[in-house]
$ cat data_33.txt   # compact mmCIF, C-alpha atoms
# COMPACT_ATOMS: atom_id res chain seq x y z
CA MET I 1 134.94 108.29 89.38
CA ALA I 2 134.01 108.40 93.06
CA GLN I 3 134.55 104.67 93.44
CA SER I 4 138.23 105.04 92.60
CA LEU I 5 138.61 107.90 95.10
CA ILE I 6 136.82 106.23 98.00
CA SER I 7 137.85 102.87 99.43
CA ALA I 8 135.25 100.15 99.01
CA ASP I 9 135.56 99.49 102.76
CA VAL I 10 134.65 103.10 103.60
CA THR I 11 131.86 103.60 101.07
CA PRO I 12 129.07 101.83 103.03
CA ASP I 13 129.82 103.97 106.09
CA ILE I 14 129.87 107.14 104.02
CA ALA I 15 126.67 106.09 102.27
CA HIS I 16 124.93 105.41 105.58
CA GLN I 17 125.95 108.81 106.92
CA LEU I 18 124.77 110.54 103.75
CA PHE I 19 121.41 108.78 103.87
CA GLU I 20 120.93 109.78 107.51
CA GLU I 21 121.88 113.37 106.78
CA ALA I 22 119.61 113.49 103.71
CA GLY I 23 116.72 112.21 105.83
CA ASN I 24 117.37 114.75 108.59
CA VAL I 25 117.59 117.64 106.14
CA TYR I 26 114.49 116.52 104.24
CA ARG I 27 112.42 116.21 107.41
CA GLU I 28 113.63 119.62 108.62
CA ARG I 29 113.33 121.58 105.35
CA GLY I 30 111.05 119.53 103.10
CA CYS I 31 113.75 119.29 100.43
CA LEU I 32 117.36 118.26 99.96
CA THR I 33 119.89 121.08 100.08
CA ASP I 34 122.48 121.72 97.37
CA GLU I 35 125.15 120.64 99.86
CA ILE I 36 123.53 117.22 100.39
CA LEU I 37 122.89 116.79 96.67
CA SER I 38 126.54 117.61 95.92
CA ALA I 39 127.75 115.09 98.48
CA LEU I 40 125.39 112.42 97.12
CA ASN I 41 126.54 113.19 93.58
CA PHE I 42 130.20 112.91 94.57
CA VAL I 43 129.70 109.46 96.05
CA PHE I 44 127.05 107.97 93.75
CA GLN I 45 127.40 109.93 90.49
CA THR I 46 125.61 108.23 87.57
CA PRO I 47 122.64 106.57 89.30
CA LEU I 48 121.79 109.57 91.51
CA LEU I 49 119.54 111.54 89.14
CA GLN I 50 117.62 108.45 88.11
CA ALA I 51 117.23 107.41 91.76
CA LEU I 52 115.94 110.85 92.71
CA ASP I 53 113.45 110.62 89.86
CA LEU I 54 112.17 107.30 91.25
CA VAL I 55 111.86 108.90 94.70
CA ASP I 56 110.02 111.94 93.26
CA GLN I 57 107.59 109.60 91.46
CA ARG I 58 107.02 107.69 94.73
CA ASN I 59 107.96 104.41 93.02
CA ILE I 60 109.29 102.78 96.20
CA THR I 61 107.07 100.58 98.37
CA HIS I 62 108.01 99.13 101.74
CA VAL I 63 106.26 95.73 101.90
CA THR I 64 105.77 94.03 105.27
CA SER I 65 104.13 90.83 106.52
CA PRO I 66 102.63 89.88 109.90
CA SER I 67 105.67 87.69 110.69
CA GLY I 68 107.94 90.74 110.42
CA ARG I 69 109.48 89.98 107.04
CA THR I 70 110.11 93.09 105.00
CA VAL I 71 111.25 93.94 101.47
CA TYR I 72 111.25 97.00 99.27
CA GLN I 73 109.82 97.05 95.78
CA VAL I 74 110.86 99.66 93.24
CA ILE I 75 109.06 100.22 89.99
CA GLY I 76 111.94 101.02 87.63
CA SER I 77 111.81 103.61 84.88
CA SER I 78 110.89 100.85 82.40
CA GLY I 79 107.96 99.78 84.60
CA THR I 80 109.73 96.62 85.78
CA PRO I 81 109.42 95.94 89.51
CA TYR I 82 112.61 95.12 91.44
CA THR I 83 112.51 93.63 94.93
CA CYS I 84 115.33 94.23 97.40
CA PHE I 85 115.90 93.30 101.03
CA PRO I 86 116.07 96.16 103.54
CA ARG I 87 119.64 95.36 104.58
CA GLY I 88 122.29 94.93 101.98
CA TYR I 89 122.90 96.57 98.68
CA PHE I 90 121.88 93.92 96.14
CA CYS I 91 119.41 94.34 93.28
CA GLY I 92 118.50 91.91 90.52
CA CYS I 93 118.45 94.57 87.80
CA PRO I 94 120.76 94.37 84.77
CA ALA I 95 122.55 97.62 85.72
CA PHE I 96 123.51 96.21 89.12
CA LYS I 97 124.86 93.04 87.54
CA PHE I 98 126.86 94.97 84.96
CA SER I 99 127.96 98.22 86.64
CA VAL I 100 128.35 96.98 90.20
CA LEU I 101 129.22 93.30 89.99
CA GLN I 102 131.05 93.03 86.65
CA ARG I 103 132.70 96.40 86.07
CA GLY I 104 132.82 97.67 89.64
CA ASP I 105 132.35 101.28 88.56
CA SER I 106 129.32 101.89 90.79
CA PHE I 107 128.55 101.12 94.39
CA LEU I 108 124.76 100.91 93.97
CA CYS I 109 122.22 100.81 91.18
CA LYS I 110 119.50 103.46 90.96
CA HIS I 111 116.93 101.12 92.56
CA VAL I 112 118.89 100.48 95.76
CA LEU I 113 119.89 104.14 95.93
CA ALA I 114 116.23 105.16 95.56
CA ILE I 115 115.25 102.75 98.34
CA ARG I 116 117.89 104.12 100.71
CA LEU I 117 116.99 107.75 99.99
CA SER I 118 113.24 107.19 100.09
CA ALA I 119 113.44 105.28 103.38
CA ALA I 120 115.69 107.93 104.95
CA MET I 121 113.35 110.71 103.83
CA GLY I 122 110.20 108.84 104.92
CA LEU I 123 108.77 108.77 101.40
CA CYS I 124 108.13 105.05 100.88
CA LYS I 125 104.62 103.82 100.31
CA GLU I 126 103.64 101.18 102.88
CA TYR I 127 101.97 97.92 101.91
CA GLN I 128 101.01 94.99 104.15
CA VAL I 129 100.82 91.46 102.70
CA SER I 130 100.15 88.04 104.19
CA ASP I 131 103.03 85.74 105.05
CA GLY I 132 102.13 83.59 102.04
CA GLU I 133 102.22 86.58 99.71
CA MET I 134 105.59 87.62 101.16
CA ALA I 135 106.93 84.11 100.53
CA ASN I 136 105.82 84.41 96.89
CA ILE I 137 107.46 87.83 96.54
CA ILE I 138 110.74 86.51 97.92
CA ARG I 139 110.56 83.37 95.72
CA GLN I 140 110.23 85.55 92.62
CA MET I 141 113.36 87.60 93.35
CA ASP I 142 116.27 87.27 90.95

$ encode --input "data_33.txt" --output "structure tokens"
Amino acid sequence: MAQSLISADVTPDIAHQLFEEAGNVYRERGCLTDEILSALNFVFQTPLLQALDLVDQRNITHVTSPSGRTVYQVIGSSGTPYTCFPRGYFCGCPAFKFSVLQRGDSFLCKHVLAIRLSAAMGLCKEYQVSDGEMANIIRQMD
């Protein structure tokens, strides 16, 4: 497993670099190269294919409010929406709770990985809500 090969302290830095590189390559070529996909697979393994599927389906929405609050919403493969903050790597999905928090065998769930990739590649849908609507969205987070 990649998690056992890469220190937990180093993984966020590596992840950030990979997301930046993926975004640069995507903007330059219109697709991710085999080299980038291999690097992403080495670090993220299991959730990568599912995350890429969510990105391909354009299931990630960047939600903003007039006050500057921002969240991402991902429609999961089951149709369930998951809301995540732009900074941080937390998701309320069952896979995050089990694979990341309990077992520690993954660094991210597919939803957070899809958010990071989609944002880096400029593929998020954009949606503006009122401050009141944003407060409701945040209140409903797990």

$ atom_distance --input "data_33.txt" --atom1 "atom CA of Pro66 of chain I" --atom2 "atom CA of Arg27 of chain I"
28.2 Å

$ residues_around --input "data_33.txt" --residues "segment 120-127 of chain I" --least-positions-apart "3" --cutoff "8 Å" --atoms "all atoms listed in the file" --output "list in words"
Phe19, Glu20, Ala22, Gly23, Asn24, Tyr26, Arg27, Val55, Arg58, Asn59, Ile60, Thr61, His62, Val63, Thr64, Ile115, Arg116 and Leu117 of chain I

$ closest_residue --input "data_33.txt" --among "I:Leu32, I:Ser65, I:Cys109, I:Gln102" --to "Ser130 of chain I" --atoms "all atoms listed in the file"
I:Ser65

$ closest_residue --input "data_33.txt" --among "I:Cys93, I:Leu113, I:Ile137, I:Cys84" --to "Asn41 of chain I" --atoms "all atoms listed in the file"
I:Leu113

$ residues_around --input "data_33.txt" --residues "Pro94 of chain I" --least-positions-apart "3" --cutoff "12 Å" --atoms "all atoms listed in the file" --output "list in words"
Gly76, Thr80, Tyr82, Phe90, Cys91, Lys97, Phe98, Ser99, Val100, Leu101, Gln102, Leu108, Cys109, Lys110, His111 and Asp142 of chain I

$ atom_distance --input "data_33.txt" --atom1 "atom CA of Leu49 of chain I" --atom2 "atom CA of Pro12 of chain I"
19.4 Å

$ atom_distance --input "data_33.txt" --atom1 "atom CA of Phe96 of chain I" --atom2 "atom CA of Gly132 of chain I"
28.0 Å

$ decode --input "data_33.txt" --residues "segment 52-139 of chain I" --atoms "C-alpha atoms" --output "short mmCIF file (atom, residue, chain, number, x, y, z; two decimals), in the first residue's frame"
data_model
loop_
_atom_site.label_atom_id
_atom_site.label_comp_id
_atom_site.auth_asym_id
_atom_site.auth_seq_id
_atom_site.Cartn_x
_atom_site.Cartn_y
_atom_site.Cartn_z
CA LEU I 52 -11.62 10.05 -11.94
CA ASP I 53 -15.06 8.71 -12.84
CA LEU I 54 -16.68 11.42 -10.69
CA VAL I 55 -14.51 14.04 -12.41
CA ASP I 56 -15.38 12.67 -15.88
CA GLN I 57 -19.09 12.84 -14.99
CA ARG I 58 -18.64 16.45 -13.80
CA ASN I 59 -20.15 15.56 -10.40
CA ILE I 60 -18.19 18.21 -8.50
CA THR I 61 -19.67 21.65 -7.83
CA HIS I 62 -17.84 24.59 -6.27
CA VAL I 63 -20.48 26.45 -4.23
CA THR I 64 -19.82 30.06 -3.19
CA SER I 65 -21.74 32.75 -1.31
CA PRO I 66 -21.55 36.57 -1.42
CA SER I 67 -19.74 36.63 1.95
CA GLY I 68 -16.91 34.55 0.48
CA ARG I 69 -17.78 31.22 2.08
CA THR I 70 -17.07 28.29 -0.18
CA VAL I 71 -17.65 24.53 -0.16
CA TYR I 72 -17.52 21.73 -2.68
CA GLN I 73 -20.36 19.31 -3.27
CA VAL I 74 -19.79 15.93 -4.86
CA ILE I 75 -22.58 13.72 -6.08
CA GLY I 76 -21.28 10.26 -5.20
CA SER I 77 -21.72 7.18 -7.36
CA SER I 78 -24.80 6.26 -5.31
CA GLY I 79 -26.34 9.68 -5.97
CA THR I 80 -25.69 10.89 -2.42
CA PRO I 81 -24.31 14.43 -2.18
CA TYR I 82 -21.25 14.99 0.03
CA THR I 83 -20.16 18.47 1.08
CA CYS I 84 -16.51 19.24 1.86
CA PHE I 85 -14.62 22.40 2.76
CA PRO I 86 -12.04 23.64 0.24
CA ARG I 87 -9.14 23.27 2.68
CA GLY I 88 -8.63 20.06 4.51
CA TYR I 89 -9.18 16.48 3.57
CA PHE I 90 -12.34 15.51 5.48
CA CYS I 91 -15.49 13.96 4.02
CA GLY I 92 -18.57 12.68 5.81
CA CYS I 93 -18.91 9.58 3.63
CA PRO I 94 -18.79 6.07 5.12
CA ALA I 95 -15.61 5.19 3.16
CA PHE I 96 -13.74 8.12 4.69
CA LYS I 97 -14.82 7.14 8.19
CA PHE I 98 -13.83 3.51 7.66
CA SER I 99 -10.81 3.54 5.32
CA VAL I 100 -9.20 6.80 6.40
CA LEU I 101 -10.17 7.34 10.03
CA GLN I 102 -10.59 3.78 11.35
CA ARG I 103 -8.26 1.60 9.30
CA GLY I 104 -5.83 4.25 8.08
CA ASP I 105 -5.24 2.45 4.79
CA SER I 106 -6.16 5.45 2.62
CA PHE I 107 -5.22 9.10 2.72
CA LEU I 108 -8.39 10.38 1.01
CA CYS I 109 -11.78 9.07 -0.03
CA LYS I 110 -12.86 9.24 -3.68
CA HIS I 111 -14.95 12.38 -3.04
CA VAL I 112 -12.10 14.50 -1.66
CA LEU I 113 -9.75 13.15 -4.32
CA ALA I 114 -12.29 14.05 -7.03
CA ILE I 115 -12.60 17.57 -5.58
CA ARG I 116 -8.84 18.10 -5.56
CA LEU I 117 -8.40 16.78 -9.11
CA SER I 118 -11.42 18.60 -10.52
CA ALA I 119 -10.37 21.90 -8.94
CA ALA I 120 -6.78 21.53 -10.18
CA MET I 121 -7.98 20.73 -13.69
CA GLY I 122 -10.58 23.53 -13.72
CA LEU I 123 -13.48 21.12 -14.20
CA CYS I 124 -15.76 22.05 -11.28
CA LYS I 125 -19.21 23.39 -11.95
CA GLU I 126 -19.73 26.78 -10.30
CA TYR I 127 -22.82 27.61 -8.28
CA GLN I 128 -23.61 30.80 -6.35
CA VAL I 129 -25.93 30.68 -3.32
CA SER I 130 -27.09 33.25 -0.79
CA ASP I 131 -25.42 33.46 2.60
CA GLY I 132 -28.51 31.88 4.17
CA GLU I 133 -28.40 28.96 1.74
CA MET I 134 -24.69 28.49 2.47
CA ALA I 135 -25.43 28.43 6.20
CA ASN I 136 -28.00 25.67 5.57
CA ILE I 137 -25.54 23.68 3.46
CA ILE I 138 -22.89 23.88 6.19
CA ARG I 139 -25.44 22.99 8.92
#
